[in-house]
Structure formats: structure tokens, C-alpha cells
Amino acid sequence: MTPPAIVIIGGGPAGMSAAVAAATQGLSCTIIDEGFALGGQIYRKPTNPERAPAPHPRGEQLRAEVAKLAQQIQVRNGDNVWGIFDELRVAVTSPDQHTELLQPQALILAPGAHELVPPFPGWTLPGVMTPGAAQILIKTMGVAPGKRVLLAGTGPFLLAVACQLVDAGVHVVAVLEASSRPAWLSLPLHGFRTPEILAEGLAYLSKLDRAHVPVRYGRIVVAAQGETELNAVEHAPVDAEWFPDNNRIETEQVDTLLVGYGFVPRLQLAQMAGCNLELRPDVGGWIPIRDRNLATSVAGIFAAGDGAGVAGSLVAALEGQLAGMAAARFLGAIDEATFAAARDSIEQELARLKPLRRALDKISALQPGLMSLVRDDTIVCRCEEVTWREAREAVCAGSTTYRSLKMTSRAGMGACQGRFCWPFLSRLVAAEAKCSLADIGPPSARPPLGPITLGALAPEPRDK
Amino acid sequence: MTNTADVVVIGGGAIGASVAFALARRGASVTLLDASTPGRATSASAGGLWSLGESLGLGCGVILHTAQQGAGDGPAPLPRTLMDFLWASNLRFPSLAAELRTLCGIDIEAEAATGLLYLVYDEEQERHASRIIEWAGSDHGAVEKWAPQHIRDRDPLITHDLRSAIHFPGDNQVNPMLLTEALKRGACAKGARYLAEARVRALRCSNGRIVAVESDKGTIACGAVVNAAGAWGAQIARLAGIEIPIQPVRGQIICTEALRPGTLRSNLSTRDCYILQKAHGEVIIGSTTEYCDFNTEVRYEDMCSLAAGAIRAVPALRKVTLKRAWAGLRPGTPDELPILGAAAELENFFHATGGFRTGIVAAPLTGEVVAASVLGQTPEFPIEPFLASRFQRIYV
Ligand SMILES: Cc1cc2nc3c(=O)[nH]c(=O)nc-3n(C[C@H](O)[C@H](O)[C@H](O)COP(=O)(O)OP(=O)(O)OC[C@H]3O[C@@H](n4cnc5c(N)ncnc54)[C@H](O)[C@@H]3O)c2cc1C
Ligand SMILES: Cc1cc2nc3c(=O)[nH]c(=O)nc-3n(C[C@H](O)[C@H](O)[C@H](O)COP(=O)(O)OP(=O)(O)OC[C@H]3O[C@@H](n4cnc5c(N)ncnc54)[C@H](O)[C@@H]3O)c2cc1C
């Protein structure tokens, strides 16, 4: 079989839009997504359509557009891209551990983001999870995560998930938003060009209001309590830098706590491909450096969507389109004038979305107080169960980078390669070692990104 | 800012940390400077203490040989001086482990009776192995040939499809990162100073001596300088206007998820790879030997051949999950011997590099002999064969 002209990693709004844009120009594309269906995080398809809520119409529309171009677009669901090697070679393994190397002429990275959870006392108790994980339970299977649920963190995503929980009949005790109410009230000033998004936010708030779910601003969770599972949550009001006032702690009896402080781009594919990176805390941390056409520093590799800087699903879809067109231009399938015209109209729409997005990023920017919650015995790396005491001792003895800290404390040594702990651990290390986040750097990314067996690399002679 | 230290050690890998520890223990004032550079050998390494297996060419040597020549005769052993040096260094691990545990509370996971088993798959290998055993003689403990049944009784997961194995009883393993961390903290406990992220940028020379070391963490006036920068050792020497033939030699290595400790009792080497289970349960499978400058990429093809080699030796590994692959840069020399001791060109400049494939097992004794020569004492192992001046004929 001839390799596709373009391989797209990730089948969310960015990946699907990229495929549609490039396939419309006659190019063959393969979308690879580890999920069982296209959609990505926001447009996740239900596995149990009878019980789960109806899927999002924009997601249905994108899936339909991809399906219409089935001649050009091959979809590989359930497969995991675990490595990018020299000369744009992409290593893909299917669930039955069959491995293939694809070598397209262009590569579009659209892997999305993952959620950001800070370590705090009790955060590893069963019953504490991310809003996204709860949402997956509801969206795919129509299952409620718990009976009495508290949400805490920052950003509009919390409100969206709270509404989905309400719709699913779950008792939502409260939503705790770390940023102040005045900060949120200033949003309409920045969103006048995007009234439809403001309206969506207001709809969330009024739904929660009708369901008597309080949204409490300027509060964070400081600890979760329970012996073997969660039974109560302590929360406190915070100052502008999110330092909690521990004299005003309130305790709430709940069986489920959902904590989410935004998203971190999934950077690892870009790292493995050797793309140059930059630190951009405003869009979630380290991201690949891209030019106006969303090209990374490696020829033939483009990056789009939340994986290249968290900006939400609308931006992801637009960037996907642009990356698809740019890849088509790169491969000579369209001329410069056609490309430039398409880019202009996409850029206009991106510019319209930008002010509100910027304002949101600013409101939800992580504040240092969030890093003050860990105690000596708080686990800071879940994979290897490393406590803050162990990590701090290593930092004090001079291990101030991901690489050295991993070697001396095992923090980040686990299967997740620091993906989940490092966004916060790096901030803790920076504070302790009095250096900057940029000095500390991102965790290194090594193959394999997802789980594969040794056998996946060494087929038995008879399967050859 | 100007700091003063009698001895500045450049490079905080196993070798630099060991030199700093040995110096501090002798009462010298020491500053250890390190920078985290991708490819550092110590953190990439497997931690095998294979003083005999590697010297006899039946560790990485045989893997390289097979890759270059296909099956057939094995590689030649390394010079006997190196075997003696590594053997003596290896013997220091039990007491060093105890000392470091007391001094800084770190267990370096120096295992006592793992032993190395070289798996013999075919007749040619068997002939080669017999010659090797004969050459080795019995000075260094009882190297034995094991029959398949004996192998199975001890390590039931090893393939049944082999002819025999050579057992090297004293060739155990250690955790190279914990070894280095403990040596570093031990040095600090004895008064040394450690500066992380202190990349050395320049060496200031005057009247045939180095008078100061300029680093990202300041300039340090010094009485002597030790070059323990591993694969970057030639770059450091060049800062002093000296050429030494150190070349980075890439080793790629893969690692599985943690399995129940004791799943594999012996360290294994074969002509395709070596395999060892670490104290945390992960199984490490290494490693390639390649000259490709400072490139630290992992190659798909090499991951595949390491995996295939491991499955051949231990078929049960087929279903085991792979956790990570990485690569490190060994400090290689043309004759495979380390470069240790005084540099002839400058009065107070010393080398401690060229650890190549055996820098971890060599670390304890390397620290001792280099510290002794810096302080003008008689090293307990003759350092002459390892002096950089041996290359002078070629390099002047
Ligand atoms: C858990 C979660 C829930 C969210 N829920 C909402 C919501 O309800 N409303 C909202 O507005 N925004 C939500 N967001 C944010 C929203 O998902 C993003 O803004 C948007 O989906 C970004 O689109 P994308 O195409 O860039 O990435 P995604 O939609 O995340 O798509 C990326 C896809 O790539 C796949 N992938 C990544 N790496 C690999 C690999 N190595 N191999 C194979 N496949 C891979 C992923 O499985 C995923 O399906 C959520 C984000 C997360 C993380
Ligand atoms: C895959 C692999 C497996 C191995 N397995 C084994 C084994 O099983 N057993 C064994 O005995 N040996 C093994 N080795 C060899 C062993 O790891 C090395 O010989 C040994 O670690 C060398 O130690 P070092 O301290 O000289 O070098 P390194 O550990 O590389 O340390 C050198 C240090 O100097 C620093 N540095 C460089 N430039 C500067 C500068 N300008 N300023 C400040 N610092 C600087 C570097 O960042 C680095 O931290 C293996 C090697 C590899 C790559």
C-alpha cells in the first residue's frame, strides 16, 4: 500500500479539520487517534447512546465531513502513535500489538491537551478525579461519577462539566473558582466580538443557578480527607495570588471531588520529532514554535490545536484547517494565491476569537499560592509515589532539572514520563531552587509514548 | 564572584563524583561542577558491574562484534591491565556501599550474588567462549561453564534453546544513579561543595598552570583541576589547549515496566543484547555501540533489534510492556582504556575520563587513583598505563 501524503495524529476538532482541508485539495490523509471514534476530547462519541447525552452537533458535522471524503481520508481509530523517528517516520501500534512505520510526506500534529491537577494533601484518594474524567464517564457511558460532587479549579470548563453533571441528575454541591468574581465580571468587555461564546457561558451560569448550584469565586480546595476514599473536602478563600486563608477553612462532605486548573499541551510528539520549543505559560506551558502557517521548525511537520497551545475547540478547528491547507501548499497541491486567500479568512476568524481567549487565559493563569498546598508527605509524582520531602531533598542536593531530579528521586521516572506531575513539580522546584521555569525545562520525551509490548517491536517469524 | 577551591572537579557523573568523594575523604577542599547535558553516560547506563564479562568482550563488546561481523567468532578481550583494574575496582563495592549508607543514608543497590551469565547459542560461540575462559585463567574467581539444566534451575525464564552459558560469579550490578548521588552527597558530607548547572566555559591558564575555572555559576580560583566530563572530556581538555582522543560512543537502551523483583536472578548477556533486572523491578535491555558524534536519538531499528534479542534470551518478555528507550554517550578511547592522571602539558591538570563501557564498575578505583595522583600520593593501582601521554606518539 502506498503511504498517505499526510499523516494526522489526533482526531479532535484540529485533526478532523486538517484532514478535511487537505483531502478537499485531493491529498490522501490518514488520521490516527487512540480513541475508539473520531471526536477528540470535546466531541467524544458515546459508547452507550441510550444512556449518554446526545453528541455535540459541531462534532457530528465534522465527523460527517470526514466520512464524505472517505476516498481520501483513512481513519485509524484505537491505534497509538508512540514514536516519531527520523525522516518523518511515525511508529503506530494497534491494540493487538501489530506495529507499523508510516512515512508520509507531511505530518500534522493535533494531539490536544491534558488536564492540569495540582498536588495537595489527599489528592490521590479514590474519589478525587479530573472534570474531564467525570465527563468521559457521562459522555461515553452515561454513568455518574458520584452522588455528591464538588468541582474546584479555574476556567469555564468547570462550569460546562457542572452543567453536564446537573443534566445527568448528579447532586453538585458547589463549583469553586479560584479567580475572583470581579475578574470574571470583566469578561464581557473582551468578548463583545464573540457574543455567542459569552452567551454560552451565561447559559451555564443560569443553568447552575436554576439547579441551586452555588458558584463560589476566589476559593480553592486545600485538602481532601478520607481514610481509604474521599469523604470530605477542605476549602478556603484566597488572595489575588491564590494563597489560601487557612483561618477560614470550610469543610464539605462529598464523595467526589473534581479538580481541574486548565490544560497542558501534549507536547511529546513535537519533542520526539525534534521541533524547537518555547515556554508559554499563558497557553499551558511548553509548546512547539510555529510560524504563521503553523509549520514547526522541522520541515514538513505542522502543529494545530490545543497540543500547540491551549485555545479551545473553535481555535483548534480553525488551526486544523490552516494546517491542512499549509500542508497542501507544502506538498504543492495548491498555489500560493489560493493558500494565502484561505489563510487570510482563517486568520480573520482567529483574530475575532482572540480577545476573549486572552482575557480567559489571564483570569485562569496559575498563581503561586496554588503551589503552597503541598506538605512534606504529599505525593508529587503519582507513578512512582514520590513525596514532596523526597523530591525537595533531591532539589536541595542540586537536582534542579527534570533529568537530574528523575535520576535522584525517581519523580517523573514512571510510565507517564512526567506528563502529569511536571507542570506543577517544575513550579515547586523553581520556587525551591530559586530559578526560572525556562531553566528547568520540559520533561524529556522518549519512545514509547503509549504502552506497547516488547513483542510489538519483534514480530514472531510466522507473522512476517 | 570569585570562589576558591583547592581542587575543581569538572563533571558530576559517576567518575567525577567518585573523584570528588576520594579527594574530600583525604581532606582536600573540593568543588564539583556539573551541567546537565543530554546523553550523560552515568544516567543512561545499565549499572552492570561486569569486570570480567566486559573485559573478556562478552558484554557490549560481543553485541558490537555481532552487529559488525554477523555471527561467528567473538571479539578479542580487552588488555589485561584493564581487567585487573576493573576487578580491583569491583571488589570495592561492598565496603563502599556500606560506607555510603552510613554517611548519607543512600542504598546504592549494589547486589551481591547476581552474577553475569553469557548465553551461548551455537557451536562457534561455544568454541570462542572456551578460548576466552582459558585466556582469563583463574586469577579472578571461578569462571564456569553452566549446562542448560543448571541455568534453568536458577533462572527458569531463560530460553531452553541454548547450548550452555558462561557464568562470571563476581559480575553483579548497582544502581548507577544512586551510586553517583551517594558519592556526591558523601563528598559534600566530607566538606566538598557541589554546584549544579555550572557549565564550565573557560580555563584560565598562567605559567603552565590552570589558575581559575570559569563556569555558569562563577569563576573559581583553583590549585588543581580534574577533567571528569565524560564524553565531553576532549572539549574540556581543549579549553586548556590540550587534545585527548575522547570520542562519544552512543549506547541505546530500552527498559520495561517493573516486574516482580527476582523475575530474573542473573544478569544476562548474549551476542544480541544484555538483560538485567534492577532493584525496582524494571528490566533493562542494552545496548548499541555507535560512533555518531553527540547525537542522542533513539532509532526504531535498534529498539526492534534489542527487543528481538531480549525475547530470544527470555521468551516471556514478549508480553511485557516497554516503558522507555533512551541513549547515552560513553566516553570512548581508541584503545578502550581510560585516560587517567596528570596531563603532561600543564602542571595541575588531571584527567579522569574515558570510562567507555565500564565507567561504572571502574568508578570506585578511578576515584582513588586520580585523587592520589592529584595530591601527589602513590596510587594503589599503577596509573601509568592509563596516562594520556600514551597517545603522544600519535597526537604530537
Ligand atoms: C479531558 C478533556 C475534556 C474536555 N472537555 C471539553 C468540553 O467539554 N468543552 C470544551 O469546550 N472543551 C473541552 N476540552 C477542551 C477541548 O477538548 C479542546 O479545546 C479541543 O478538543 C481541542 O481540540 P484538539 O483537536 O486540539 O484536541 P483533542 O480534541 O484533544 O483531540 C486530540 C486527539 O488526539 C488523540 N491523541 C493524542 N496523542 C495521540 C497519540 N500519540 N496517538 C494516537 N492518538 C493520540 C487524543 O486521544 C485525542 O482524541 C476538554 C479537554 C480535555 C483534555
Ligand atoms: C547505554 C549505556 C550502558 C552502559 N552500561 C554500563 C554498565 O552496565 N556498566 C558500566 O560499568 N558502564 C556502563 N556504561 C558506561 C558508563 O556509563 C560510563 O563509562 C560512565 O558513566 C562514565 O562516567 P563519567 O562520569 O565519565 O561520564 P558522564 O556520566 O557522562 O558524566 C560527565 C558529566 O560531565 C558533564 N559535563 C560535560 N561538559 C561539562 C562542562 N563543560 N561543564 C560541566 N560539566 C560538564 C556532563 O553533563 C555529565 O554530567 C554504559 C554506558 C551507556 C551509554
# chains A, B, ... in the order shown; residues from 1 in each chain; ligands from 1
>>> interface_residues(of="chain B", to="chain A", cutoff="7 Å", atoms="only C-alpha atoms", output="short mmCIF file (atom, residue, chain, number, x, y, z; two decimals) with N, CA, C and O atoms, in the first residue's frame")
data_model
loop_
_atom_site.label_atom_id
_atom_site.label_comp_id
_atom_site.auth_asym_id
_atom_site.auth_seq_id
_atom_site.Cartn_x
_atom_site.Cartn_y
_atom_site.Cartn_z
N SER B 43 23.73 8.42 33.81
CA SER B 43 22.30 8.24 33.99
C SER B 43 21.71 7.37 32.89
O SER B 43 20.61 6.87 33.01
N MET B 177 22.70 5.64 39.20
CA MET B 177 22.28 6.98 39.61
C MET B 177 22.43 7.15 41.10
O MET B 177 22.90 8.17 41.59
N LEU B 178 22.01 6.11 41.85
CA LEU B 178 22.12 6.21 43.31
C LEU B 178 23.58 6.18 43.73
O LEU B 178 23.97 6.87 44.67
N GLU B 181 24.75 9.72 43.12
CA GLU B 181 24.16 10.65 44.07
C GLU B 181 24.78 10.47 45.46
O GLU B 181 25.07 11.44 46.15
N LEU B 195 28.13 22.22 42.77
CA LEU B 195 27.37 23.24 42.05
C LEU B 195 26.72 22.60 40.82
O LEU B 195 27.41 22.13 39.92
N ALA B 196 25.38 22.58 40.82
CA ALA B 196 24.64 22.05 39.67
C ALA B 196 24.52 23.14 38.61
O ALA B 196 24.61 24.33 38.92
N ARG B 299 16.90 5.07 17.78
CA ARG B 299 16.47 4.64 16.45
C ARG B 299 15.49 3.48 16.55
O ARG B 299 15.67 2.56 17.35
N TYR B 300 14.48 3.53 15.69
CA TYR B 300 13.46 2.49 15.69
C TYR B 300 14.07 1.11 15.47
O TYR B 300 13.78 0.16 16.19
N CYS B 304 14.01 -2.27 17.91
CA CYS B 304 13.50 -3.57 17.47
C CYS B 304 14.53 -4.66 17.67
O CYS B 304 14.19 -5.75 18.14
N ALA B 307 14.82 -5.52 21.31
CA ALA B 307 13.65 -6.27 21.78
C ALA B 307 13.72 -7.72 21.29
O ALA B 307 13.47 -8.65 22.06
N ALA B 308 14.09 -7.89 20.03
CA ALA B 308 14.16 -9.25 19.49
C ALA B 308 15.21 -10.08 20.22
O ALA B 308 14.99 -11.25 20.56
N LEU B 317 9.48 -12.27 27.92
CA LEU B 317 9.49 -10.81 27.80
C LEU B 317 8.60 -10.31 26.66
O LEU B 317 8.26 -9.14 26.60
N ARG B 318 8.22 -11.22 25.76
CA ARG B 318 7.40 -10.80 24.62
C ARG B 318 6.16 -10.02 25.03
O ARG B 318 5.79 -9.02 24.43
N LYS B 319 5.51 -10.47 26.10
CA LYS B 319 4.25 -9.85 26.50
C LYS B 319 4.43 -8.69 27.48
O LYS B 319 3.46 -8.12 27.97
N VAL B 320 5.66 -8.41 27.80
CA VAL B 320 5.92 -7.39 28.82
C VAL B 320 5.87 -5.99 28.18
O VAL B 320 6.27 -5.81 27.03
N THR B 321 5.35 -5.03 28.94
CA THR B 321 5.22 -3.66 28.42
C THR B 321 6.55 -2.92 28.45
O THR B 321 7.27 -2.95 29.45
N LEU B 322 6.83 -2.27 27.34
CA LEU B 322 8.03 -1.47 27.22
C LEU B 322 7.75 -0.11 27.85
O LEU B 322 6.71 0.49 27.58
N LYS B 323 8.63 0.37 28.69
CA LYS B 323 8.37 1.67 29.34
C LYS B 323 9.09 2.80 28.63
O LYS B 323 8.51 3.85 28.39
N ARG B 324 10.33 2.61 28.29
CA ARG B 324 11.07 3.74 27.77
C ARG B 324 12.32 3.29 27.04
O ARG B 324 12.89 2.26 27.35
N ALA B 325 12.75 4.10 26.10
CA ALA B 325 14.02 3.88 25.40
C ALA B 325 14.83 5.16 25.52
O ALA B 325 14.26 6.24 25.56
N TRP B 326 16.13 5.04 25.64
CA TRP B 326 16.95 6.25 25.68
C TRP B 326 18.34 5.93 25.15
O TRP B 326 18.62 4.80 24.77
#
>>> residues_near_ligand(ligand="ligand 2", cutoff="7 Å", atoms="only C-alpha atoms and all ligand atoms", output="ChimeraX atom specification")
/B:10-16,33-37,39-50,198-201,228-232,236,250-253,286-287,327-331,353-362
>>> write_last_selection(atoms="C-alpha atoms", output="JSON list (two decimals), in the first residue's frame")
[["chain", "number", "residue", "atom", "x", "y", "z"],
["B", 10, "ILE", "CA", 34.54, 19.15, 36.24],
["B", 11, "GLY", "CA", 31.70, 16.70, 35.57],
["B", 12, "GLY", "CA", 29.30, 15.15, 38.06],
["B", 13, "GLY", "CA", 28.84, 11.67, 36.59],
["B", 14, "ALA", "CA", 29.94, 8.51, 38.37],
["B", 15, "ILE", "CA", 33.59, 9.30, 37.71],
["B", 16, "GLY", "CA", 33.59, 12.96, 38.80],
["B", 33, "LEU", "CA", 30.85, 21.26, 38.96],
["B", 34, "ASP", "CA", 28.22, 19.66, 36.77],
["B", 35, "ALA", "CA", 25.90, 20.65, 33.98],
["B", 36, "SER", "CA", 23.02, 18.50, 32.85],
["B", 37, "THR", "CA", 23.71, 17.58, 29.28],
["B", 39, "GLY", "CA", 23.37, 11.89, 26.87],
["B", 40, "ARG", "CA", 25.24, 11.85, 30.17],
["B", 41, "ALA", "CA", 26.58, 8.34, 30.36],
["B", 42, "THR", "CA", 26.02, 7.61, 34.01],
["B", 43, "SER", "CA", 22.30, 8.24, 33.99],
["B", 44, "ALA", "CA", 21.93, 6.29, 30.75],
["B", 45, "SER", "CA", 23.88, 3.30, 31.90],
["B", 46, "ALA", "CA", 22.71, -0.12, 32.93],
["B", 47, "GLY", "CA", 24.80, -0.32, 36.07],
["B", 48, "GLY", "CA", 26.32, -3.68, 35.36],
["B", 49, "LEU", "CA", 29.49, -4.35, 37.36],
["B", 50, "TRP", "CA", 30.87, -6.74, 34.82],
["B", 198, "ALA", "CA", 27.62, 25.08, 36.47],
["B", 199, "ARG", "CA", 28.74, 24.54, 32.91],
["B", 200, "VAL", "CA", 32.45, 25.19, 32.55],
["B", 201, "ARG", "CA", 33.15, 27.73, 29.80],
["B", 228, "ALA", "CA", 35.80, 14.25, 34.56],
["B", 229, "ALA", "CA", 33.50, 15.46, 31.81],
["B", 230, "GLY", "CA", 32.96, 12.02, 30.30],
["B", 231, "ALA", "CA", 32.26, 12.11, 26.57],
["B", 232, "TRP", "CA", 32.80, 15.88, 26.73],
["B", 236, "ILE", "CA", 37.28, 20.43, 28.47],
["B", 250, "ARG", "CA", 26.33, 6.16, 21.69],
["B", 251, "GLY", "CA", 24.56, 3.39, 23.52],
["B", 252, "GLN", "CA", 20.81, 2.91, 23.06],
["B", 253, "ILE", "CA", 18.94, 1.01, 25.67],
["B", 286, "GLY", "CA", 21.02, -2.74, 26.21],
["B", 287, "SER", "CA", 22.81, -1.62, 24.20],
["B", 327, "ALA", "CA", 20.54, 6.74, 24.63],
["B", 328, "GLY", "CA", 23.72, 7.80, 26.38],
["B", 329, "LEU", "CA", 27.20, 8.77, 25.27],
["B", 330, "ARG", "CA", 30.08, 6.69, 26.57],
["B", 331, "PRO", "CA", 33.44, 8.41, 26.80],
["B", 353, "THR", "CA", 37.66, 10.21, 31.67],
["B", 354, "GLY", "CA", 37.48, 7.52, 29.02],
["B", 355, "GLY", "CA", 35.40, 5.19, 31.20],
["B", 356, "PHE", "CA", 33.91, 3.86, 27.97],
["B", 357, "ARG", "CA", 31.80, 0.72, 28.52],
["B", 358, "THR", "CA", 32.95, 0.13, 32.08],
["B", 359, "GLY", "CA", 32.94, 3.54, 33.75],
["B", 360, "ILE", "CA", 30.52, 2.47, 36.46],
["B", 361, "VAL", "CA", 32.45, -0.56, 37.63],
["B", 362, "ALA", "CA", 35.65, 1.47, 37.30]]
>>> residues_around(residues="region 133-141 of chain B", least_positions_apart="5", cutoff="8 Å", atoms="only C-alpha atoms", output="list in words")
Leu52, Leu56, Trp87, Pro169 and Gly170 of chain B
>>> residues_near_ligand(ligand="ligand 1", cutoff="6 Å", atoms="only C-alpha atoms and all ligand atoms", output="ChimeraX atom specification")
/A:9-15,32-35,40-42,79-82,110-115,132,157,305-307,312-313,316
>>> closest_residue(among="A:Asp96, A:Pro126, A:Gln321, A:Thr256", to="Pro145 (chain A)", atoms="only C-alpha atoms")
A:Thr256
>>> select_by_dssp(residues="region 112-282 of chain B", states="alpha helix (DSSP H)", output="PyMOL selection string")
chain B and resi 123-136+148-154+176-189+233-239
>>> closest_residue(among="A:Ile379, A:Ala337, A:Leu202, A:Ile108", to="Cys163 (chain A)", atoms="only C-alpha atoms")
A:Leu202
>>> closest_residue(among="B:Leu82, B:Leu346, B:Ala279, B:Val9", to="Glu109 (chain B)", atoms="only C-alpha atoms")
B:Ala279
>>> select_by_dssp(residues="region 118-335 of chain A", states="strand (DSSP E or B)", output="number ranges by chain")
A: 128-129, 148-153, 171-177, 215-217, 219-225, 232-238, 244, 250-253, 256-260, 263-265, 277-280, 285-288, 295, 301-303
>>> closest_residue(among="B:Ser55, B:Thr256, B:Ser269, B:Thr31", to="Glu336 (chain B)", atoms="only C-alpha atoms")
B:Ser55
